[in-house]
Amino acid sequence: MSTPVKTDVIIVGAGPTGLSLACQLIRYGVDFVAIDKNDGITPYSKALGVHARTLEIYEQLNLVKEALERGTIVGKVRLLEGGEIIGEVDLSNIGEGMSAYPFMLVLEQSDNERLLYEYLQARGGNVRWQTELESFSQNEAGVTAQVKNSAGESQVIISKYLVGCDGPKSPVRHGLGLSFEGSTFERIFYVADVRIDWKFPHDGLHVCLAREAVVAFFPMPGEQRWRIVGAFPEGFDKDEEDVLYEEIEARIKEEAEIELEITRVDWFSTYKVHTRHVEKFSSGRCFLAGDSAHIHTPAGGQGMNTGIQDAYNLAWKLALVLKGVAAPRILDSYNEERLPNAKRLLQTTDRMFNLAAGTDWLLNVIRTTVFPPMAKFILSFDAIKKRFFPLISQIGITYRESFLSAQDGDGDFEVRAGDRMPYFLVDGKSVYDKLREPKFHLLTFSDGENDYEVAYQKQLGQMGSKNAELLDHYVIPLYPHVAEVFGVNKPFIVLLRPDNYIGLISLETSPSRLAKYLKEVIGPAS
């Protein structure tokens with residue numbers, strides 16, 4: 001056995017979640033070792049949807065431009081019945097005014113992984129492919145893991161923390177003895193990436209509302225490339241691995257009732273849908289993220305995005321603790337914030353999925369008779385859009401109950417501590433343009449009567465070098481549209497966490513309020 005390797009964080013699994021965590025840690029200068037039992041990034045499309053909140057994260061990594069170039073924006077959603085269009089909804093700008101990315105992007109999981117892996121490699125990071133976790137143990141000082149590579153050689157890795165991003169069958173979760181409770185839909189579902197010759201344009205999602213399920217056709221980058229998702233009827237008695245592609249194609253044509261010719265098959269798979277989550281996201285110095293902590297129905301394309309956000313939430317907390325500028329207790333907020341989100345997500349996707357794929361007679365009536373003529377009418381209301389987009393895009397996720405969220409004057413603000421920073425323009429540019437550095441961001445919204453810049457620079461100088469490097473400061477004019485967003489028309493401060501969630505919001509604009517939050521909530525470090 002070779003000499004033990006020492007590092008700060010061991011990342012087990014290098015799918016979208018593990019790669020995202022690695023990219024975030026490298027931004028903070030945190031040393032890590034990432035391992036994965038596979039040969040490299042996935043060659044399969046797998047997950048497709050990339051939502052606004054993930055694109056905002058990619059923006060911080062300077063990856064968003066390339067993601068948009070490689071992907072396809074979902075423009076229209078067409079509802080089909082009997083091979084004909086019975087309704088059409090335009091989703092290309094459904095989140096206008098709520099994010100710089102008011103749409104869903106179709107970008108295959110393989111392309112997302114490639115983007116992240118290229119980012120990692122360009123900054124000196126890497127993944128130990130074909131390397132598997134054999135065992136691990138932890139104590140108050142750290143984690144010791146034994147791994148084995150493809151040649152059968154074992155090595156010990158000693159770290160401060162370990163994060164399992166190793167999928168639904170997670171060896172890390174099993175090693176921690178954490179339960180994974182939930183349920184399974186007994187029907188077999190299918191997915192196929194194909195080329196189709198048919199009469200419908202390649203500019204939107206096409207949904208066939210069949211009697212027993214929904215058959216959905218997602219446009220993918222490339223000429224006439226589509227992702228088809230559907231289900232076999234109850235009573236279909238084959239095992240998942242025994243289903244032939246010919247049976248899938250026959251099912252597509254029967255349910256969709258559309259004249260089409262599938263001219264090429266790039267990939268297909270069959271599966272049962274599970275909805276499960278762990279009892280807690282961490283145990284000691286070990287954490288879980290992505291599919292190792294929660295799995296749910298494919299409704300709304302939430303899975304990959306949620307894993308990326310798990311990593312985003314955890315990375316900055318690990319980094320600040322490892323750098324000695326935050327107390328270890330902030331790591332407790334990872335479970336406090338992400339577990340409730342996982343529970344809500346399972347409930348939401350289950351409801352959406354039941355409407356699409358449930359076999360109850362009433363659901364069949366709603367799906368095929370009630371919903372089609374109402375869909376366009378419902379989504380035309382701005383109020384519905386404002387509720388639907390934050391839900392599906394994940395910009396509406398909030399951590400208001402977290403102990404990291406501090407608010408002075410609950411009745412004064414429309415926006416609360418624990419909310420994602422609202423999107424708005426400042427002098428014609430997105431406020432998020434100021435929020436790309438991996439640190440806290442102090443925003444002072446000023447009426448112009450006081451020189452907040454001088455006061456805060458003096459305060460930061462008194463805080464010492466470690467805390468001064470922890471944050472940057474911007475003074476933003478309290479324009480009428482900004483006052484409307486926050487619901488106040490007098491000066492206030494917002495302290496954003498490195499993940500651009502509001503840690504503190506207060507009408508008290510003195511530097512002492514900032515110092516109190518950093519001392520009582522974030523630190524002091526040991």
# chains A, B, ... in the order shown; residues from 1 in each chain; ligands from 1
$ select_by_dssp --residues "region 63-156 of chain A" --states "alpha helix (DSSP H)" --output "MDAnalysis selection string"
chainID A and resid 64:70 109:122
$ write_last_selection --atoms "N, CA, C and O atoms" --output "PDB file, in the first residue's frame"
ATOM      1  N   VAL A  64     -21.787  30.194 -18.068  1.00  0.00           N
ATOM      2  CA  VAL A  64     -23.156  30.302 -18.546  1.00  0.00           C
ATOM      3  C   VAL A  64     -23.223  30.554 -20.049  1.00  0.00           C
ATOM      4  O   VAL A  64     -24.108  30.023 -20.744  1.00  0.00           O
ATOM      5  N   LYS A  65     -22.302  31.345 -20.579  1.00  0.00           N
ATOM      6  CA  LYS A  65     -22.320  31.632 -22.015  1.00  0.00           C
ATOM      7  C   LYS A  65     -22.166  30.345 -22.819  1.00  0.00           C
ATOM      8  O   LYS A  65     -22.907  30.105 -23.784  1.00  0.00           O
ATOM      9  N   GLU A  66     -21.214  29.516 -22.400  1.00  0.00           N
ATOM     10  CA  GLU A  66     -20.989  28.271 -23.127  1.00  0.00           C
ATOM     11  C   GLU A  66     -22.160  27.308 -22.953  1.00  0.00           C
ATOM     12  O   GLU A  66     -22.529  26.591 -23.886  1.00  0.00           O
ATOM     13  N   ALA A  67     -22.764  27.295 -21.768  1.00  0.00           N
ATOM     14  CA  ALA A  67     -23.922  26.445 -21.548  1.00  0.00           C
ATOM     15  C   ALA A  67     -25.061  26.822 -22.485  1.00  0.00           C
ATOM     16  O   ALA A  67     -25.714  25.958 -23.090  1.00  0.00           O
ATOM     17  N   LEU A  68     -25.296  28.124 -22.634  1.00  0.00           N
ATOM     18  CA  LEU A  68     -26.369  28.584 -23.514  1.00  0.00           C
ATOM     19  C   LEU A  68     -26.065  28.261 -24.978  1.00  0.00           C
ATOM     20  O   LEU A  68     -26.974  27.929 -25.746  1.00  0.00           O
ATOM     21  N   GLU A  69     -24.802  28.339 -25.342  1.00  0.00           N
ATOM     22  CA  GLU A  69     -24.428  28.018 -26.724  1.00  0.00           C
ATOM     23  C   GLU A  69     -24.604  26.538 -27.020  1.00  0.00           C
ATOM     24  O   GLU A  69     -24.988  26.153 -28.126  1.00  0.00           O
ATOM     25  N   ARG A  70     -24.341  25.687 -26.037  1.00  0.00           N
ATOM     26  CA  ARG A  70     -24.433  24.238 -26.253  1.00  0.00           C
ATOM     27  C   ARG A  70     -25.857  23.715 -26.120  1.00  0.00           C
ATOM     28  O   ARG A  70     -26.185  22.651 -26.645  1.00  0.00           O
ATOM     29  N   GLN A 109     -26.976  15.990 -19.497  1.00  0.00           N
ATOM     30  CA  GLN A 109     -26.101  15.801 -18.341  1.00  0.00           C
ATOM     31  C   GLN A 109     -24.654  15.627 -18.762  1.00  0.00           C
ATOM     32  O   GLN A 109     -23.742  16.148 -18.113  1.00  0.00           O
ATOM     33  N   SER A 110     -24.425  14.905 -19.849  1.00  0.00           N
ATOM     34  CA  SER A 110     -23.054  14.703 -20.323  1.00  0.00           C
ATOM     35  C   SER A 110     -22.386  16.038 -20.642  1.00  0.00           C
ATOM     36  O   SER A 110     -21.193  16.241 -20.356  1.00  0.00           O
ATOM     37  N   ASP A 111     -23.139  16.986 -21.218  1.00  0.00           N
ATOM     38  CA  ASP A 111     -22.577  18.301 -21.532  1.00  0.00           C
ATOM     39  C   ASP A 111     -22.348  19.123 -20.265  1.00  0.00           C
ATOM     40  O   ASP A 111     -21.374  19.882 -20.172  1.00  0.00           O
ATOM     41  N   ASN A 112     -23.247  18.997 -19.303  1.00  0.00           N
ATOM     42  CA  ASN A 112     -23.037  19.686 -18.025  1.00  0.00           C
ATOM     43  C   ASN A 112     -21.775  19.167 -17.345  1.00  0.00           C
ATOM     44  O   ASN A 112     -20.957  19.941 -16.842  1.00  0.00           O
ATOM     45  N   GLU A 113     -21.626  17.851 -17.324  1.00  0.00           N
ATOM     46  CA  GLU A 113     -20.428  17.282 -16.707  1.00  0.00           C
ATOM     47  C   GLU A 113     -19.168  17.723 -17.449  1.00  0.00           C
ATOM     48  O   GLU A 113     -18.138  18.022 -16.830  1.00  0.00           O
ATOM     49  N   ARG A 114     -19.246  17.773 -18.769  1.00  0.00           N
ATOM     50  CA  ARG A 114     -18.083  18.175 -19.558  1.00  0.00           C
ATOM     51  C   ARG A 114     -17.700  19.627 -19.248  1.00  0.00           C
ATOM     52  O   ARG A 114     -16.515  19.951 -19.096  1.00  0.00           O
ATOM     53  N   LEU A 115     -18.694  20.508 -19.154  1.00  0.00           N
ATOM     54  CA  LEU A 115     -18.426  21.899 -18.812  1.00  0.00           C
ATOM     55  C   LEU A 115     -17.705  22.009 -17.471  1.00  0.00           C
ATOM     56  O   LEU A 115     -16.699  22.723 -17.328  1.00  0.00           O
ATOM     57  N   LEU A 116     -18.222  21.302 -16.472  1.00  0.00           N
ATOM     58  CA  LEU A 116     -17.665  21.374 -15.128  1.00  0.00           C
ATOM     59  C   LEU A 116     -16.271  20.751 -15.073  1.00  0.00           C
ATOM     60  O   LEU A 116     -15.357  21.280 -14.422  1.00  0.00           O
ATOM     61  N   TYR A 117     -16.107  19.627 -15.772  1.00  0.00           N
ATOM     62  CA  TYR A 117     -14.811  18.951 -15.746  1.00  0.00           C
ATOM     63  C   TYR A 117     -13.738  19.783 -16.452  1.00  0.00           C
ATOM     64  O   TYR A 117     -12.586  19.860 -15.999  1.00  0.00           O
ATOM     65  N   GLU A 118     -14.118  20.425 -17.545  1.00  0.00           N
ATOM     66  CA  GLU A 118     -13.169  21.302 -18.235  1.00  0.00           C
ATOM     67  C   GLU A 118     -12.774  22.484 -17.345  1.00  0.00           C
ATOM     68  O   GLU A 118     -11.608  22.900 -17.316  1.00  0.00           O
ATOM     69  N   TYR A 119     -13.744  23.035 -16.617  1.00  0.00           N
ATOM     70  CA  TYR A 119     -13.460  24.119 -15.664  1.00  0.00           C
ATOM     71  C   TYR A 119     -12.453  23.643 -14.625  1.00  0.00           C
ATOM     72  O   TYR A 119     -11.475  24.343 -14.300  1.00  0.00           O
ATOM     73  N   LEU A 120     -12.683  22.454 -14.110  1.00  0.00           N
ATOM     74  CA  LEU A 120     -11.827  21.882 -13.069  1.00  0.00           C
ATOM     75  C   LEU A 120     -10.406  21.682 -13.578  1.00  0.00           C
ATOM     76  O   LEU A 120      -9.423  22.103 -12.946  1.00  0.00           O
ATOM     77  N   GLN A 121     -10.286  21.060 -14.736  1.00  0.00           N
ATOM     78  CA  GLN A 121      -8.963  20.774 -15.289  1.00  0.00           C
ATOM     79  C   GLN A 121      -8.191  22.054 -15.620  1.00  0.00           C
ATOM     80  O   GLN A 121      -6.973  22.114 -15.427  1.00  0.00           O
ATOM     81  N   ALA A 122      -8.898  23.066 -16.106  1.00  0.00           N
ATOM     82  CA  ALA A 122      -8.237  24.323 -16.468  1.00  0.00           C
ATOM     83  C   ALA A 122      -7.637  25.028 -15.257  1.00  0.00           C
ATOM     84  O   ALA A 122      -6.767  25.889 -15.400  1.00  0.00           O
TER      85      ALA A 122
END
$ closest_atom_pairs --of "region 304-354 of chain A" --to "region 266-284 of chain A" --cutoff "9 Å" --atoms "only C-alpha atoms" --output "Markdown table"
| residue | atom | partner | partner_atom | distance |
| --- | --- | --- | --- | --- |
| A:Asp332 | CA | A:Ser282 | CA | 8.2 |
| A:Tyr334 | CA | A:Phe281 | CA | 7.4 |
| A:Asn335 | CA | A:Phe281 | CA | 5.0 |
| A:Glu336 | CA | A:Phe281 | CA | 8.6 |
| A:Arg338 | CA | A:Phe281 | CA | 7.6 |
| A:Leu339 | CA | A:Phe281 | CA | 6.6 |
| A:Ala342 | CA | A:His277 | CA | 7.0 |
| A:Lys343 | CA | A:His277 | CA | 7.3 |
| A:Leu346 | CA | A:Thr275 | CA | 6.5 |
| A:Asp350 | CA | A:Thr275 | CA | 7.9 |
$ residues_around --residues "Phe424 (chain A)" --least-positions-apart "3" --cutoff "12 Å" --atoms "only C-alpha atoms" --output "PyMOL selection string"
chain A and resi 96-100+421+427-434+476+479-486
$ closest_residue --among "A:Leu443, A:Val163, A:Ile86, A:Leu80" --to "Ala216 (chain A)" --atoms "only C-alpha atoms"
A:Leu80
$ residues_around --residues "region 222-232 of chain A" --least-positions-apart "3" --cutoff "7 Å" --atoms "only C-alpha atoms" --output "mmCIF file with N, CA, C and O atoms, in the first residue's frame"
data_model
loop_
_atom_site.group_PDB
_atom_site.id
_atom_site.type_symbol
_atom_site.label_atom_id
_atom_site.label_comp_id
_atom_site.auth_asym_id
_atom_site.auth_seq_id
_atom_site.Cartn_x
_atom_site.Cartn_y
_atom_site.Cartn_z
ATOM 1 N N ARG A 187 -45.047 1.155 -12.047
ATOM 2 C CA ARG A 187 -45.018 1.112 -13.504
ATOM 3 C C ARG A 187 -43.590 1.280 -14.025
ATOM 4 O O ARG A 187 -42.745 1.907 -13.378
ATOM 5 N N ILE A 188 -43.331 0.717 -15.198
ATOM 6 C CA ILE A 188 -42.029 0.870 -15.839
ATOM 7 C C ILE A 188 -42.083 2.060 -16.793
ATOM 8 O O ILE A 188 -42.979 2.151 -17.643
ATOM 9 N N PHE A 189 -41.118 2.970 -16.652
ATOM 10 C CA PHE A 189 -41.031 4.148 -17.499
ATOM 11 C C PHE A 189 -39.880 3.976 -18.483
ATOM 12 O O PHE A 189 -38.949 3.204 -18.255
ATOM 13 N N TYR A 190 -39.969 4.689 -19.583
ATOM 14 C CA TYR A 190 -38.921 4.595 -20.593
ATOM 15 C C TYR A 190 -38.449 5.990 -20.990
ATOM 16 O O TYR A 190 -39.168 6.985 -20.848
ATOM 17 N N VAL A 191 -37.224 6.054 -21.473
ATOM 18 C CA VAL A 191 -36.657 7.274 -22.020
ATOM 19 C C VAL A 191 -35.843 6.873 -23.241
ATOM 20 O O VAL A 191 -35.146 5.854 -23.224
ATOM 21 N N ALA A 192 -35.953 7.642 -24.304
ATOM 22 C CA ALA A 192 -35.214 7.335 -25.534
ATOM 23 C C ALA A 192 -34.776 8.633 -26.202
ATOM 24 O O ALA A 192 -35.578 9.562 -26.363
ATOM 25 N N ASP A 193 -33.507 8.702 -26.557
ATOM 26 C CA ASP A 193 -32.977 9.838 -27.317
ATOM 27 C C ASP A 193 -32.860 9.408 -28.778
ATOM 28 O O ASP A 193 -32.116 8.479 -29.099
ATOM 29 N N VAL A 194 -33.621 10.100 -29.637
ATOM 30 C CA VAL A 194 -33.769 9.631 -31.019
ATOM 31 C C VAL A 194 -33.780 10.811 -31.996
ATOM 32 O O VAL A 194 -33.857 11.973 -31.596
ATOM 33 N N ARG A 195 -33.735 10.456 -33.269
ATOM 34 C CA ARG A 195 -34.026 11.410 -34.338
ATOM 35 C C ARG A 195 -35.397 11.053 -34.903
ATOM 36 O O ARG A 195 -35.679 9.883 -35.159
ATOM 37 N N ILE A 196 -36.225 12.069 -35.119
ATOM 38 C CA ILE A 196 -37.609 11.833 -35.561
ATOM 39 C C ILE A 196 -37.883 12.603 -36.846
ATOM 40 O O ILE A 196 -37.556 13.796 -36.957
ATOM 41 N N HIS A 202 -39.144 21.918 -34.363
ATOM 42 C CA HIS A 202 -38.160 21.562 -33.343
ATOM 43 C C HIS A 202 -37.930 22.729 -32.381
ATOM 44 O O HIS A 202 -36.826 22.940 -31.878
ATOM 45 N N ALA A 213 -51.237 7.819 -19.512
ATOM 46 C CA ALA A 213 -49.980 8.487 -19.172
ATOM 47 C C ALA A 213 -49.784 9.667 -20.095
ATOM 48 O O ALA A 213 -50.638 9.975 -20.922
ATOM 49 N N VAL A 214 -48.646 10.299 -19.947
ATOM 50 C CA VAL A 214 -48.226 11.371 -20.836
ATOM 51 C C VAL A 214 -47.014 10.891 -21.618
ATOM 52 O O VAL A 214 -46.133 10.243 -21.067
ATOM 53 N N VAL A 215 -46.988 11.189 -22.916
ATOM 54 C CA VAL A 215 -45.790 10.940 -23.718
ATOM 55 C C VAL A 215 -45.239 12.313 -24.086
ATOM 56 O O VAL A 215 -45.927 13.122 -24.713
ATOM 57 N N ALA A 216 -44.008 12.574 -23.673
ATOM 58 C CA ALA A 216 -43.423 13.901 -23.860
ATOM 59 C C ALA A 216 -42.229 13.823 -24.806
ATOM 60 O O ALA A 216 -41.402 12.913 -24.705
ATOM 61 N N PHE A 217 -42.138 14.809 -25.696
ATOM 62 C CA PHE A 217 -41.047 14.911 -26.668
ATOM 63 C C PHE A 217 -40.298 16.216 -26.399
ATOM 64 O O PHE A 217 -40.822 17.304 -26.644
ATOM 65 N N PHE A 218 -39.063 16.094 -25.896
ATOM 66 C CA PHE A 218 -38.246 17.256 -25.573
ATOM 67 C C PHE A 218 -37.254 17.522 -26.708
ATOM 68 O O PHE A 218 -36.519 16.616 -27.110
ATOM 69 N N PRO A 219 -37.198 18.757 -27.217
ATOM 70 C CA PRO A 219 -36.200 19.061 -28.260
ATOM 71 C C PRO A 219 -34.800 19.063 -27.659
ATOM 72 O O PRO A 219 -34.563 19.632 -26.593
ATOM 73 N N PHE A 236 -47.882 -4.450 -17.179
ATOM 74 C CA PHE A 236 -46.771 -4.828 -18.058
ATOM 75 C C PHE A 236 -45.766 -5.601 -17.212
ATOM 76 O O PHE A 236 -45.174 -5.074 -16.278
#
$ closest_atom_pairs --of "region 20-57 of chain A" --to "region 294-304 of chain A" --cutoff "8 Å" --atoms "only C-alpha atoms" --output "JSON lines"
{"residue": "A:Ala47", "atom": "CA", "partner": "A:Met304", "partner_atom": "CA", "distance": 6.5}
{"residue": "A:Leu48", "atom": "CA", "partner": "A:Gly301", "partner_atom": "CA", "distance": 7.1}
{"residue": "A:Gly49", "atom": "CA", "partner": "A:Gly301", "partner_atom": "CA", "distance": 5.3}
{"residue": "A:Val50", "atom": "CA", "partner": "A:Gly301", "partner_atom": "CA", "distance": 7.7}
$ write_last_selection --atoms "C-alpha atoms" --output "tab-separated table (two decimals), in the first residue's frame"
chain	number	residue	atom	x	y	z
A	47	ALA	CA	-30.83	14.52	-17.15
A	48	LEU	CA	-31.76	17.32	-19.57
A	49	GLY	CA	-33.24	20.39	-17.88
A	50	VAL	CA	-31.05	23.20	-16.54
$ atom_distance --atom1 "CA of Arg436 (chain A)" --atom2 "CA of Leu19 (chain A)"
18.9 Å
$ select_by_dssp --residues "region 411-461 of chain A" --states "strand (DSSP E or B)" --output "MDAnalysis selection string"
chainID A and resid 420 425:426 429:430 440:446
$ atom_distance --atom1 "CA of Glu59 (chain A)" --atom2 "CA of Tyr28 (chain A)"
16.2 Å
$ closest_atom_pairs --of "region 292-340 of chain A" --to "region 499-506 of chain A" --cutoff "12 Å" --atoms "only C-alpha atoms" --output "CSV"
residue,atom,partner,partner_atom,distance
A:Ile308,CA,A:Asp499,CA,11.9
A:Gln309,CA,A:Asp499,CA,9.2
A:Asp310,CA,A:Asp499,CA,10.8
A:Ala311,CA,A:Asp499,CA,10.4
A:Tyr312,CA,A:Asp499,CA,6.7
A:Asn313,CA,A:Asp499,CA,6.5
A:Leu314,CA,A:Asp499,CA,9.4
A:Ala315,CA,A:Asp499,CA,9.1
A:Trp316,CA,A:Asp499,CA,7.5
A:Lys317,CA,A:Asp499,CA,9.7
A:Glu337,CA,A:Tyr501,CA,11.5
$ residues_around --residues "Lys199 (chain A)" --least-positions-apart "3" --cutoff "12 Å" --atoms "only C-alpha atoms" --output "mmCIF file with C-alpha atoms, in the first residue's frame"
data_model
loop_
_atom_site.group_PDB
_atom_site.id
_atom_site.type_symbol
_atom_site.label_atom_id
_atom_site.label_comp_id
_atom_site.auth_asym_id
_atom_site.auth_seq_id
_atom_site.Cartn_x
_atom_site.Cartn_y
_atom_site.Cartn_z
ATOM 1 C CA GLY A 83 -51.948 13.662 -33.366
ATOM 2 C CA GLU A 84 -53.133 17.274 -33.494
ATOM 3 C CA ILE A 85 -52.188 20.397 -31.554
ATOM 4 C CA ILE A 196 -37.609 11.833 -35.561
ATOM 5 C CA HIS A 202 -38.160 21.562 -33.343
ATOM 6 C CA HIS A 206 -44.580 18.442 -27.317
ATOM 7 C CA GLN A 224 -34.412 16.660 -35.249
ATOM 8 C CA ILE A 258 -48.852 10.514 -34.129
ATOM 9 C CA GLU A 259 -47.456 9.726 -37.525
ATOM 10 C CA LEU A 260 -43.712 9.657 -37.004
ATOM 11 C CA GLU A 261 -40.628 7.801 -38.150
#
$ closest_residue --among "A:Glu153, A:Asp291, A:Asp382, A:Asp166" --to "Phe180 (chain A)" --atoms "only C-alpha atoms"
A:Asp291
